[in-house]
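Structure file final33.cif; described as mmCIF, C-alpha atoms and all ligand atoms.
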data_my_file
#
loop_
_atom_site.label_atom_id
_atom_site.label_comp_id
_atom_site.auth_asym_id
_atom_site.auth_seq_id
_atom_site.Cartn_x
_atom_site.Cartn_y
_atom_site.Cartn_z
CA MET V 1 23.00 10.50 -18.26
CA LEU V 2 22.17 6.83 -18.32
CA LEU V 3 24.32 5.13 -15.72
CA ASN V 4 25.31 1.59 -16.47
CA ARG V 5 24.41 -0.70 -13.63
CA LYS V 6 26.57 -3.49 -15.03
CA ASP V 7 29.82 -2.07 -13.62
CA PHE V 8 28.28 -2.10 -10.19
CA PHE V 9 27.27 -5.74 -10.08
CA ARG V 10 29.28 -7.97 -7.77
CA VAL V 11 29.66 -5.02 -5.41
CA SER V 12 28.14 -4.49 -2.02
CA ALA V 13 24.60 -3.35 -1.35
CA LEU V 14 26.09 0.05 -0.54
CA GLY V 15 27.53 0.37 -4.02
CA LEU V 16 24.17 -0.58 -5.48
CA SER V 17 22.44 1.94 -3.28
CA MET V 18 24.72 4.67 -4.56
CA LEU V 19 24.06 3.73 -8.17
CA SER V 20 20.36 3.69 -7.60
CA ALA V 21 20.47 6.98 -5.72
CA CYS V 22 22.15 8.60 -8.75
CA ARG V 23 19.55 7.14 -11.05
CA THR V 24 16.55 8.15 -9.02
CA ARG V 25 17.61 11.50 -7.55
CA ARG V 26 15.22 14.25 -8.66
CA ASP V 27 15.86 17.94 -8.52
CA PHE V 28 12.62 19.28 -7.22
CA HIS V 29 12.78 23.00 -7.80
CA ALA V 30 9.74 25.21 -8.03
CA GLY V 31 7.80 25.50 -11.26
CA ASP V 32 6.46 22.61 -13.25
CA GLU V 33 8.14 19.91 -11.18
CA TRP V 34 5.06 17.70 -11.27
CA SER V 35 4.69 17.87 -15.03
CA ARG V 36 8.37 16.91 -15.31
CA LEU V 37 7.69 13.96 -13.02
CA ARG V 38 4.79 12.93 -15.24
CA GLN V 39 7.23 12.67 -18.14
CA ASP V 40 8.93 9.79 -16.31
CA PHE V 41 5.82 7.71 -17.06
CA ASP V 42 4.72 6.17 -20.34
CA LEU V 43 1.05 6.67 -19.43
CA SER V 44 -1.07 7.22 -22.53
CA PRO V 45 -1.79 10.94 -23.00
CA ASP V 46 -5.09 9.96 -24.64
CA TYR V 47 -6.66 9.27 -21.26
CA THR V 48 -7.07 10.94 -17.88
CA HIS V 49 -5.76 8.34 -15.46
CA LEU V 50 -7.70 8.40 -12.21
CA ALA V 51 -7.53 4.71 -11.25
CA CYS V 52 -3.83 4.18 -10.56
CA LEU V 53 -4.62 2.83 -7.10
CA LEU V 54 -5.05 -0.53 -8.81
CA MET V 55 -1.66 -0.98 -10.39
CA ALA V 56 1.32 1.26 -11.07
CA SER V 57 2.73 2.43 -14.35
CA HIS V 58 6.51 2.08 -13.94
CA PRO V 59 8.43 5.38 -13.87
CA ARG V 60 11.57 5.67 -15.98
CA PRO V 61 14.14 4.66 -13.28
CA VAL V 62 12.12 1.54 -12.45
CA ARG V 63 11.68 0.63 -16.13
CA GLU V 64 15.41 1.08 -16.75
CA ALA V 65 16.41 -1.00 -13.75
CA ILE V 66 14.06 -3.83 -14.80
CA GLU V 67 15.47 -3.77 -18.33
CA GLU V 68 19.08 -3.87 -17.14
CA PHE V 69 18.41 -6.75 -14.78
CA ARG V 70 16.45 -8.60 -17.46
CA ARG V 71 19.35 -8.25 -19.92
CA GLU V 72 21.84 -9.61 -17.40
CA LEU V 73 19.58 -12.54 -16.48
CA ASP V 74 19.01 -13.36 -20.12
CA LYS V 75 22.75 -13.39 -20.76
CA ASN V 76 23.69 -15.65 -17.91
CA PRO V 77 20.86 -16.53 -15.53
CA ALA V 78 22.64 -18.96 -13.21
CA LEU V 79 25.84 -16.93 -12.85
CA PHE V 80 24.15 -13.57 -12.51
CA LEU V 81 21.87 -14.90 -9.82
CA GLU V 82 24.67 -16.59 -7.94
CA ASP V 83 26.84 -13.49 -7.98
CA ASN V 84 24.18 -10.88 -7.25
CA ASN V 85 20.92 -12.18 -5.84
CA GLN V 86 21.76 -11.95 -2.15
CA SER V 87 23.17 -8.42 -2.35
CA LEU V 88 20.39 -7.18 -4.64
CA LEU V 89 17.72 -8.53 -2.30
CA MET V 90 19.49 -6.84 0.61
CA ASP V 91 19.57 -3.64 -1.42
CA VAL V 92 15.77 -3.73 -1.78
CA ARG V 93 15.37 -4.38 1.92
CA HIS V 94 17.73 -1.49 2.75
CA ALA V 95 15.77 0.86 0.49
CA ALA V 96 12.44 -0.26 1.96
CA ALA V 97 13.77 0.06 5.51
CA ASP V 98 15.11 3.57 4.84
CA TYR V 99 11.75 4.60 3.47
CA LEU V 100 9.73 3.03 6.29
CA GLY V 101 12.06 4.09 9.11
CA ALA V 102 12.85 0.45 9.92
CA GLN V 103 15.78 -1.99 9.83
CA PRO V 104 16.45 -4.16 6.73
CA GLU V 105 16.22 -7.35 8.86
CA GLU V 106 12.63 -6.40 9.68
CA ILE V 107 11.53 -6.33 6.03
CA ALA V 108 10.26 -9.37 4.11
CA LEU V 109 9.75 -9.19 0.34
CA THR V 110 6.50 -10.41 -1.19
CA ASP V 111 4.74 -10.33 -4.54
CA SER V 112 1.73 -8.29 -3.37
CA THR V 113 -0.27 -7.03 -0.42
CA THR V 114 -2.38 -10.16 -0.73
CA MET V 115 0.67 -12.41 -0.33
CA GLY V 116 1.71 -10.38 2.73
CA LEU V 117 -1.76 -10.73 4.26
CA GLY V 118 -1.67 -14.46 3.55
CA ILE V 119 1.71 -15.11 5.15
CA VAL V 120 1.01 -12.94 8.19
CA TYR V 121 -2.49 -14.22 8.99
CA ASN V 122 -1.60 -17.81 8.17
CA GLY V 123 1.65 -17.75 10.13
CA VAL V 124 0.71 -15.77 13.24
CA LYS V 125 0.45 -17.84 16.42
CA ILE V 126 -3.29 -17.76 17.09
CA ASP V 127 -5.13 -20.74 18.51
CA ARG V 128 -8.54 -22.04 19.44
CA GLY V 129 -9.81 -19.80 22.23
CA ASP V 130 -8.16 -16.71 20.72
CA GLU V 131 -10.11 -14.11 18.81
CA ILE V 132 -9.20 -12.11 15.70
CA LEU V 133 -10.99 -8.77 15.57
CA THR V 134 -11.56 -7.29 12.15
CA THR V 135 -14.07 -4.95 10.53
CA GLU V 136 -16.87 -4.94 7.98
CA HIS V 137 -14.93 -2.34 6.02
CA ASP V 138 -11.88 -4.48 5.33
CA TYR V 139 -10.67 -5.76 2.00
CA TYR V 140 -11.67 -9.19 0.74
CA ALA V 141 -8.13 -10.60 1.12
CA THR V 142 -7.97 -9.70 4.82
CA LEU V 143 -11.41 -11.17 5.50
CA GLU V 144 -10.58 -14.36 3.62
CA ALA V 145 -7.14 -14.76 5.20
CA VAL V 146 -8.58 -14.53 8.73
CA ARG V 147 -11.45 -16.86 7.75
CA PHE V 148 -8.92 -19.46 6.56
CA LYS V 149 -7.06 -19.02 9.84
CA SER V 150 -10.26 -19.64 11.75
CA ILE V 151 -10.99 -22.82 9.76
CA ARG V 152 -7.46 -24.12 10.41
CA THR V 153 -7.21 -23.29 14.10
CA GLY V 154 -10.70 -22.89 15.50
CA ALA V 155 -9.87 -19.29 16.48
CA ARG V 156 -12.90 -17.03 16.39
CA VAL V 157 -13.16 -14.11 13.96
CA ARG V 158 -15.39 -11.17 14.89
CA ARG V 159 -16.24 -8.37 12.47
CA ILE V 160 -17.34 -5.00 13.77
CA ARG V 161 -18.52 -1.72 12.27
CA LEU V 162 -16.21 1.15 13.13
CA TYR V 163 -18.75 3.89 12.41
CA GLU V 164 -22.41 4.45 11.55
CA ASP V 165 -22.16 6.76 8.56
CA VAL V 166 -19.00 7.45 6.57
CA GLN V 167 -20.27 10.94 5.71
CA SER V 168 -20.32 12.02 9.35
CA VAL V 169 -17.62 9.78 10.86
CA CYS V 170 -14.99 11.25 13.20
CA GLU V 171 -11.80 9.76 14.67
CA GLU V 172 -13.27 9.52 18.15
CA GLU V 173 -16.21 7.41 16.95
CA ILE V 174 -13.81 4.90 15.36
CA LEU V 175 -11.52 4.75 18.38
CA THR V 176 -14.41 4.42 20.85
CA ASN V 177 -16.03 1.60 18.86
CA LEU V 178 -12.76 -0.25 18.58
CA ARG V 179 -11.88 0.19 22.26
CA LYS V 180 -15.30 -1.18 23.29
CA ALA V 181 -14.96 -4.20 21.00
CA ILE V 182 -11.69 -5.55 22.43
CA ARG V 183 -12.28 -8.54 24.73
CA PRO V 184 -9.85 -10.49 26.94
CA GLU V 185 -9.69 -13.24 24.27
CA THR V 186 -8.89 -10.77 21.45
CA LYS V 187 -5.35 -11.63 20.37
CA LEU V 188 -5.07 -9.88 17.03
CA ILE V 189 -6.62 -6.84 15.35
CA ALA V 190 -6.62 -7.15 11.54
CA MET V 191 -7.27 -3.80 9.84
CA THR V 192 -6.88 -1.77 6.68
CA TRP V 193 -5.52 1.75 7.09
CA VAL V 194 -7.12 3.39 4.05
CA HIS V 195 -10.35 1.70 2.99
CA SER V 196 -10.66 1.07 -0.71
CA SER V 197 -14.45 0.77 -0.22
CA THR V 198 -15.02 4.41 0.81
CA GLY V 199 -11.64 6.19 0.87
CA LEU V 200 -11.86 6.51 4.67
CA LYS V 201 -8.47 6.61 6.42
CA ILE V 202 -8.80 5.29 9.95
CA PRO V 203 -6.67 6.73 12.78
CA ALA V 204 -4.02 4.00 12.69
CA ALA V 205 -1.73 5.68 15.24
CA GLY V 206 -4.67 6.09 17.66
CA ILE V 207 -5.47 2.40 17.27
CA GLY V 208 -1.82 1.56 18.00
CA GLN V 209 -2.16 3.65 21.16
CA ILE V 210 -5.22 1.65 22.25
CA VAL V 211 -3.24 -1.56 21.73
CA THR V 212 -0.50 -0.19 24.01
CA GLU V 213 -3.05 0.69 26.69
CA VAL V 214 -4.69 -2.75 26.51
CA ASN V 215 -1.31 -4.47 26.75
CA ALA V 216 -0.38 -2.50 29.87
CA GLY V 217 -2.95 -4.66 31.68
CA ARG V 218 -2.05 -8.00 30.08
CA PRO V 219 0.69 -10.56 30.68
CA GLU V 220 3.23 -10.89 27.81
CA LYS V 221 1.80 -14.18 26.59
CA ARG V 222 -1.66 -12.62 26.14
CA ARG V 223 -0.29 -9.56 24.34
CA LEU V 224 -2.69 -8.04 21.81
CA MET V 225 -1.21 -7.62 18.30
CA LEU V 226 -2.12 -5.24 15.50
CA ALA V 227 -1.68 -6.02 11.79
CA VAL V 228 -2.26 -3.27 9.24
CA ASP V 229 -2.88 -3.47 5.48
CA GLY V 230 -1.17 -0.22 4.52
CA VAL V 231 -1.24 -0.48 0.73
CA HIS V 232 -3.21 2.73 0.14
CA ALA V 233 -1.01 4.66 2.57
CA LEU V 234 2.39 3.56 1.25
CA GLY V 235 3.52 6.17 -1.24
CA VAL V 236 0.69 8.46 -0.10
CA GLU V 237 1.03 9.30 3.60
CA ASP V 238 4.08 10.76 5.34
CA PHE V 239 4.82 8.17 8.02
CA THR V 240 7.30 5.68 9.43
CA VAL V 241 6.24 2.32 10.81
CA GLY V 242 7.25 3.56 14.25
CA ASP V 243 4.34 6.04 14.12
CA LEU V 244 1.83 3.18 13.90
CA ASN V 245 2.84 1.03 16.86
CA CYS V 246 1.61 -2.00 14.97
CA ASP V 247 3.10 -5.50 14.93
CA PHE V 248 2.88 -6.23 11.21
CA PHE V 249 2.53 -3.87 8.25
CA MET V 250 1.70 -5.36 4.84
CA ALA V 251 1.67 -3.46 1.56
CA GLY V 252 2.11 -3.95 -2.14
CA THR V 253 4.72 -1.67 -3.65
CA HIS V 254 3.11 -1.85 -7.10
CA LYS V 255 0.37 0.71 -6.53
CA TRP V 256 1.02 4.21 -5.15
CA LEU V 257 4.76 3.65 -4.71
CA PHE V 258 5.20 2.85 -8.45
CA GLY V 259 7.19 -0.30 -7.69
CA PRO V 260 7.55 -3.10 -10.22
CA ARG V 261 4.30 -5.00 -10.77
CA GLY V 262 4.35 -8.08 -8.58
CA THR V 263 6.21 -6.62 -5.59
CA GLY V 264 5.38 -5.89 -1.97
CA VAL V 265 6.73 -5.85 1.58
CA VAL V 266 5.88 -7.01 5.07
CA TRP V 267 7.39 -5.18 8.02
CA GLY V 268 7.52 -7.04 11.33
CA ASN V 269 7.99 -5.26 14.63
CA PRO V 270 10.88 -7.03 16.43
CA ARG V 271 8.66 -7.45 19.51
CA SER V 272 6.52 -9.88 17.47
CA HIS V 273 9.06 -11.71 15.31
CA SER V 274 8.71 -14.82 17.42
CA GLU V 275 4.90 -14.65 17.11
CA ILE V 276 4.87 -15.84 13.53
CA ILE V 277 5.96 -18.94 11.62
CA ALA V 278 6.89 -18.75 7.95
CA THR V 279 4.34 -20.22 5.52
CA ILE V 280 6.50 -20.67 2.42
CA PRO V 281 10.09 -22.00 2.64
CA THR V 282 12.64 -19.29 2.01
CA PHE V 283 15.92 -18.99 0.06
CA THR V 284 17.18 -16.18 2.31
CA SER V 285 17.19 -17.67 5.79
CA ARG V 286 20.53 -16.04 6.61
CA GLN V 287 19.08 -12.56 6.17
CA GLY V 288 17.36 -12.25 9.56
CA TRP V 289 13.62 -12.36 10.32
CA GLY V 290 12.66 -10.68 7.06
CA GLY V 291 14.78 -13.21 5.18
CA TRP V 292 12.95 -16.09 6.85
CA MET V 293 9.60 -14.53 6.05
CA THR V 294 10.43 -13.86 2.39
CA PRO V 295 8.86 -16.65 0.32
CA GLY V 296 11.49 -18.61 -1.57
CA GLY V 297 11.37 -20.06 -5.03
CA PHE V 298 12.76 -18.39 -8.14
CA HIS V 299 10.89 -15.17 -8.80
CA SER V 300 10.61 -12.58 -11.52
CA PHE V 301 13.86 -11.27 -10.05
CA GLU V 302 14.26 -8.33 -12.41
CA HIS V 303 11.06 -6.93 -10.90
CA ARG V 304 11.88 -7.80 -7.33
CA TRP V 305 15.36 -6.20 -7.45
CA ALA V 306 14.09 -3.04 -9.14
CA ALA V 307 11.76 -2.34 -6.19
CA ALA V 308 14.76 -0.56 -4.60
CA ASP V 309 14.53 2.04 -7.35
CA ALA V 310 10.87 2.71 -6.58
CA PHE V 311 11.57 3.37 -2.91
CA ARG V 312 14.42 5.71 -3.85
CA TYR V 313 12.31 7.43 -6.49
CA HIS V 314 9.75 8.32 -3.84
CA GLN V 315 12.44 9.29 -1.31
CA GLY V 316 13.92 11.55 -3.98
CA ILE V 317 10.65 13.47 -4.21
CA GLY V 318 10.08 13.48 -0.45
CA LYS V 319 7.28 11.93 1.57
CA THR V 320 5.89 15.25 2.79
CA LYS V 321 5.78 16.68 -0.69
CA VAL V 322 4.02 13.57 -2.01
CA ARG V 323 1.45 13.66 0.80
CA ASP V 324 0.73 17.38 0.33
CA ARG V 325 0.29 17.00 -3.42
CA ILE V 326 -2.07 14.05 -3.09
CA ARG V 327 -4.05 15.89 -0.41
CA ALA V 328 -4.39 18.98 -2.58
CA LEU V 329 -5.58 17.03 -5.63
CA ASN V 330 -8.03 14.95 -3.61
CA SER V 331 -9.43 18.01 -1.82
CA GLN V 332 -9.90 19.70 -5.18
CA LEU V 333 -11.74 16.65 -6.52
CA LYS V 334 -13.97 16.31 -3.45
CA GLU V 335 -14.84 20.03 -3.40
CA GLY V 336 -15.98 19.79 -7.01
CA LEU V 337 -17.96 16.57 -6.62
CA ARG V 338 -19.78 17.60 -3.48
CA ALA V 339 -21.02 20.76 -5.19
CA MET V 340 -22.77 18.71 -7.90
CA PRO V 341 -26.47 18.15 -7.13
CA HIS V 342 -26.58 14.77 -8.90
CA VAL V 343 -23.54 13.41 -7.04
CA ARG V 344 -23.22 11.97 -3.55
CA LEU V 345 -19.73 12.08 -2.09
CA TYR V 346 -18.91 9.36 0.44
CA THR V 347 -15.24 10.00 1.27
CA PRO V 348 -14.75 12.46 4.15
CA MET V 349 -13.47 15.93 3.19
CA ASP V 350 -11.07 15.99 6.16
CA PRO V 351 -7.51 14.92 5.13
CA GLN V 352 -7.17 13.36 8.60
CA LEU V 353 -9.86 10.90 7.51
CA SER V 354 -8.96 10.46 3.85
CA ALA V 355 -5.94 9.95 1.60
CA GLY V 356 -5.86 9.38 -2.18
CA ILE V 357 -9.20 7.63 -2.78
CA VAL V 358 -12.45 9.46 -3.57
CA CYS V 359 -15.69 7.43 -3.66
CA PHE V 360 -19.00 8.74 -4.94
CA SER V 361 -22.30 7.81 -6.58
CA VAL V 362 -24.31 9.49 -9.31
CA ASN V 363 -28.11 9.69 -9.16
CA GLY V 364 -29.79 7.21 -11.47
CA LEU V 365 -26.60 5.41 -12.54
CA SER V 366 -24.94 2.28 -11.19
CA PRO V 367 -21.19 2.54 -10.44
CA ALA V 368 -20.51 0.31 -13.48
CA GLU V 369 -22.52 2.72 -15.67
CA VAL V 370 -20.65 5.70 -14.23
CA VAL V 371 -17.29 4.08 -14.98
CA ALA V 372 -18.38 3.09 -18.49
CA ARG V 373 -19.74 6.58 -19.29
CA LEU V 374 -16.56 8.21 -17.95
CA ARG V 375 -14.49 5.90 -20.11
CA GLU V 376 -16.37 7.12 -23.18
CA LYS V 377 -14.96 10.53 -22.23
CA ARG V 378 -11.51 8.97 -21.82
CA VAL V 379 -11.48 9.31 -18.06
CA ILE V 380 -10.33 6.14 -16.32
CA ALA V 381 -12.13 5.63 -13.00
CA SER V 382 -12.94 2.38 -11.19
CA GLU V 383 -15.81 0.86 -9.27
CA THR V 384 -15.26 -0.53 -5.79
CA PRO V 385 -15.50 -4.32 -5.45
CA TYR V 386 -17.60 -4.01 -2.28
CA GLU V 387 -21.25 -4.14 -1.29
CA PRO V 388 -22.53 -1.48 -1.79
CA SER V 389 -20.29 -0.66 -4.71
CA LEU V 390 -19.33 2.97 -5.44
CA ALA V 391 -17.61 4.84 -8.26
CA ARG V 392 -14.03 5.84 -7.43
CA MET V 393 -11.36 8.24 -8.63
CA THR V 394 -7.89 8.28 -7.12
CA PRO V 395 -5.69 11.28 -7.97
CA GLY V 396 -2.01 10.62 -7.29
CA ILE V 397 1.26 12.37 -8.05
CA ILE V 398 1.06 11.39 -11.70
CA ASN V 399 -2.00 13.66 -11.92
CA SER V 400 -2.38 17.42 -12.25
CA PRO V 401 -5.13 19.84 -11.19
CA GLU V 402 -6.15 19.81 -14.88
CA ASP V 403 -6.65 16.03 -14.71
CA VAL V 404 -8.89 16.54 -11.70
CA GLU V 405 -10.87 19.19 -13.60
CA LYS V 406 -11.28 16.78 -16.51
CA GLY V 407 -12.55 14.11 -14.12
CA GLN V 408 -14.98 16.58 -12.56
CA GLU V 409 -16.14 17.82 -15.94
CA ALA V 410 -16.85 14.26 -17.07
CA VAL V 411 -18.91 13.57 -13.93
CA ARG V 412 -20.75 16.89 -14.35
CA GLY V 413 -21.73 15.77 -17.84
CA LEU V 414 -23.39 12.62 -16.52
CA THR V 415 -26.64 14.52 -15.88
CA THR V 416 -27.37 14.67 -19.58
C1 LIG G 1 -7.10 -2.48 0.85
C2 LIG G 1 -6.51 -3.35 -0.21
N1 LIG G 1 -5.63 -4.31 0.15
C3 LIG G 1 -5.06 -5.11 -0.78
C4 LIG G 1 -5.36 -4.99 -2.12
C5 LIG G 1 -4.70 -5.93 -3.09
O1 LIG G 1 -3.41 -5.50 -3.28
P1 LIG G 1 -2.34 -6.41 -4.05
O2 LIG G 1 -2.66 -6.31 -5.49
O3 LIG G 1 -1.02 -5.76 -3.74
O4 LIG G 1 -2.46 -7.77 -3.50
C6 LIG G 1 -6.28 -4.00 -2.53
C7 LIG G 1 -6.68 -3.76 -3.93
O5 LIG G 1 -6.12 -4.09 -4.91
C8 LIG G 1 -6.87 -3.18 -1.55
O6 LIG G 1 -7.75 -2.23 -1.90
#

Could I get this structure in the form of structure tokens?
Amino acid sequence: MLLNRKDFFRVSALGLSMLSACRTRRDFHAGDEWSRLRQDFDLSPDYTHLACLLMASHPRPVREAIEEFRRELDKNPALFLEDNNQSLLMDVRHAAADYLGAQPEEIALTDSTTMGLGIVYNGVKIDRGDEILTTEHDYYATLEAVRFKSIRTGARVRRIRLYEDVQSVCEEEILTNLRKAIRPETKLIAMTWVHSSTGLKIPAAGIGQIVTEVNAGRPEKRRLMLAVDGVHALGVEDFTVGDLNCDFFMAGTHKWLFGPRGTGVVWGNPRSHSEIIATIPTFTSRQGWGGWMTPGGFHSFEHRWAAADAFRYHQGIGKTKVRDRIRALNSQLKEGLRAMPHVRLYTPMDPQLSAGIVCFSVNGLSPAEVVARLREKRVIASETPYEPSLARMTPGIINSPEDVEKGQEAVRGLTT
């Protein structure tokens, strides 16, 4: 049954939550539950989609919410906004907080991971004499955001390697290298949880533990902070922000979580709310820290409001179920690839050290050639925008074991 959101406008965030919960509740019984989920998506059946880490296809509840909001805005933009914007934004922040195990006041809304990285690294109180510690494995936007910070403030940025060889890395190697690299002047660690360069998932909780140990020996004003780009963990891993013991968590909701394109969140640990100054003036200053940190201006509101439906869609499936499915598909893919003599697998087999991203190379072909040849076989893969670049496939919950087999079959065929 298609519920009409219209009757629920002008009501509290609770009323909106109930409507959305009805819309996005899934009955996950045994059987072909995953193929039923796939029917929520308009993904072209002519292709095998193994690159959805880049940008989500909207599932049915998210598409419907966007359409309803768009209709209302088109009918009466000023009035609809005036009557509903504050409560709809709160509804998104409630849904995000429920999903992340946080409080709505701790959630800021952004347009992307990149915007979250920008506002956190620009706004955090770091000065000349302080050091930002980051890694060679991090994403371009993190490295650029901390470089800009360094230019503005004179703070030093140091990049380290967390491991020698991704094919033999273990958690202890990463934690030992990080522990050794922290100096008295290190004020902030800027890291990515799941690396889009190799598929490696670093032990984020262990890193949070190191931060706690370091801070036990520091005065409050020299407290070490940890900021995590969690975009390839959100909608993949089964976690709450409390598990990470970080200070800031930034993620787009338009990748694995299937949120509206152009949406994201920043979570701020209350212990560090006063450690950051907003970069962009807000329209939601009365909505706590997260309100202050939410960039103002008029947005593509139909997308922003519908992010609540994406969080509830995932909650309706269940975080553990999502994680287990993604693990199973990725293990299947890795098993197949590593058995191929012409393929070199880079992503660790161990699910403790990997998530939904599988990176590999094929003898005699560049990653761009691999991706192009796979596309001829209607398999959508991607190449990593890093040096060295690798070919990449990213099975998620929109995929089936048959999709993984098709991906493997296409790579197998690259010998000829
Ligand atoms: C680790 C990582 N962070 C951030 C991004 C950018 O995310 P967004 O499009 O949400 O800014 C990407 C890739 O798109 C990424 O791989």

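Every polymer residue reaching to within 8 Å of (-27.9, 10.4, -8.2), counting only C-alpha atoms, appears in this list: Pro341, His342, Val343, Arg344, Ser361, Val362, Asn363, Gly364 and Leu365 of chain V.
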
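Compared by their closest atoms to ligand LIG 1 (chain G), and using only C-alpha atoms and all ligand atoms, the residues V:Arg93, V:Arg147, V:Arg325, V:His137 rank with V:His137 nearest.
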
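Taking all atoms listed in the file, the non-local environment of V:Thr294 within 6 Å (same-chain residues fewer than 6 positions away omitted) comprises Ala108, Leu109 and Thr282 of chain V.
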
Grab the residues selected above and save them as a PDB file, keeping the file's coordinate frame with C-alpha atoms.
ATOM      1  CA  ALA V 108      10.260  -9.370   4.110  1.00  0.00           C
ATOM      2  CA  LEU V 109       9.750  -9.190   0.340  1.00  0.00           C
ATOM      3  CA  THR V 282      12.640 -19.290   2.010  1.00  0.00           C
TER       4      THR V 282
END

Between V:Leu143, V:Ala310, V:Met115, V:Val411, which residue has the minimum interatomic distance to ligand LIG 1 (chain G), considering all atoms listed in the file? V:Met115

Taking all atoms listed in the file into account, report as a PyMOL selection string which residues have an atom no farther than 9 Å from an atom of ligand LIG 1 (chain G). chain V and resi 53-55+111-117+138-142+192-197+229-232+250-255+261-264+384-385

Residue with smallest distance to V:Phe69 - pool V:Cys170, V:Ala381, V:Ala96, V:Ala307, counting all atoms listed in the file: V:Ala307

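Straight-line separation from atom CA of V:Ile326 to atom CA of V:Thr134: 27.9 Å.
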
May I have the residues at most 12 Å from (-2.5, 3.4, 19.4) in the file's coordinates, counting all atoms listed in the file, as a PyMOL selection string? chain V and resi 175+178-179+189+202-215+224-226+242-247

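Near V:His299, within 12 Å and counting all atoms listed in the file, sit Leu73, Leu81, Asn85, Leu89, Leu109, Thr110, Asp111, Gly262, Thr263, Thr282, Phe283, Thr294, Pro295, Gly296, Gly297, Phe301, Glu302, His303, Arg304 and Trp305 of chain V; same-chain residues fewer than 2 positions away were not included.
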
Rounded to one decimal place, report the atom CA of V:Leu133-atom CA of V:Gly118 distance in Å. 16.2 Å

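Distance annotation: of V:Val236, V:Ile276, V:Leu88, V:Val241, the residue with the minimal separation from V:Lys319 is V:Val236; atom set is only C-alpha atoms.
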
Missing atoms in stretch 327-341 of chain V: fill them in up to N, CA and C atoms and send the result as a compact mmCIF listing (two decimals), in the coordinates of the input.
# COMPACT_ATOMS: atom_id res chain seq x y z
N ARG V 327 -2.97 15.23 -1.18
CA ARG V 327 -4.05 15.89 -0.41
C ARG V 327 -4.70 17.00 -1.22
N ALA V 328 -3.85 17.83 -1.84
CA ALA V 328 -4.39 18.98 -2.58
C ALA V 328 -5.27 18.51 -3.73
N LEU V 329 -4.80 17.51 -4.48
CA LEU V 329 -5.58 17.03 -5.63
C LEU V 329 -6.89 16.39 -5.18
N ASN V 330 -6.82 15.63 -4.09
CA ASN V 330 -8.03 14.95 -3.61
C ASN V 330 -9.02 15.95 -3.03
N SER V 331 -8.52 16.97 -2.35
CA SER V 331 -9.43 18.01 -1.82
C SER V 331 -10.11 18.73 -2.97
N GLN V 332 -9.34 19.03 -4.00
CA GLN V 332 -9.90 19.70 -5.18
C GLN V 332 -11.03 18.84 -5.78
N LEU V 333 -10.74 17.54 -5.92
CA LEU V 333 -11.74 16.65 -6.52
C LEU V 333 -13.00 16.58 -5.65
N LYS V 334 -12.81 16.44 -4.35
CA LYS V 334 -13.97 16.31 -3.45
C LYS V 334 -14.80 17.59 -3.43
N GLU V 335 -14.11 18.75 -3.38
CA GLU V 335 -14.84 20.03 -3.40
C GLU V 335 -15.75 20.09 -4.62
N GLY V 336 -15.20 19.71 -5.77
CA GLY V 336 -15.98 19.79 -7.01
C GLY V 336 -17.14 18.82 -6.99
N LEU V 337 -16.90 17.58 -6.58
CA LEU V 337 -17.96 16.57 -6.62
C LEU V 337 -19.08 16.90 -5.65
N ARG V 338 -18.71 17.39 -4.46
CA ARG V 338 -19.78 17.60 -3.48
C ARG V 338 -20.68 18.78 -3.86
N ALA V 339 -20.19 19.63 -4.74
CA ALA V 339 -21.02 20.76 -5.19
C ALA V 339 -22.00 20.36 -6.29
N MET V 340 -21.89 19.13 -6.78
CA MET V 340 -22.77 18.71 -7.90
C MET V 340 -24.05 18.09 -7.34
N PRO V 341 -25.22 18.63 -7.72
CA PRO V 341 -26.47 18.15 -7.13
C PRO V 341 -26.78 16.69 -7.44
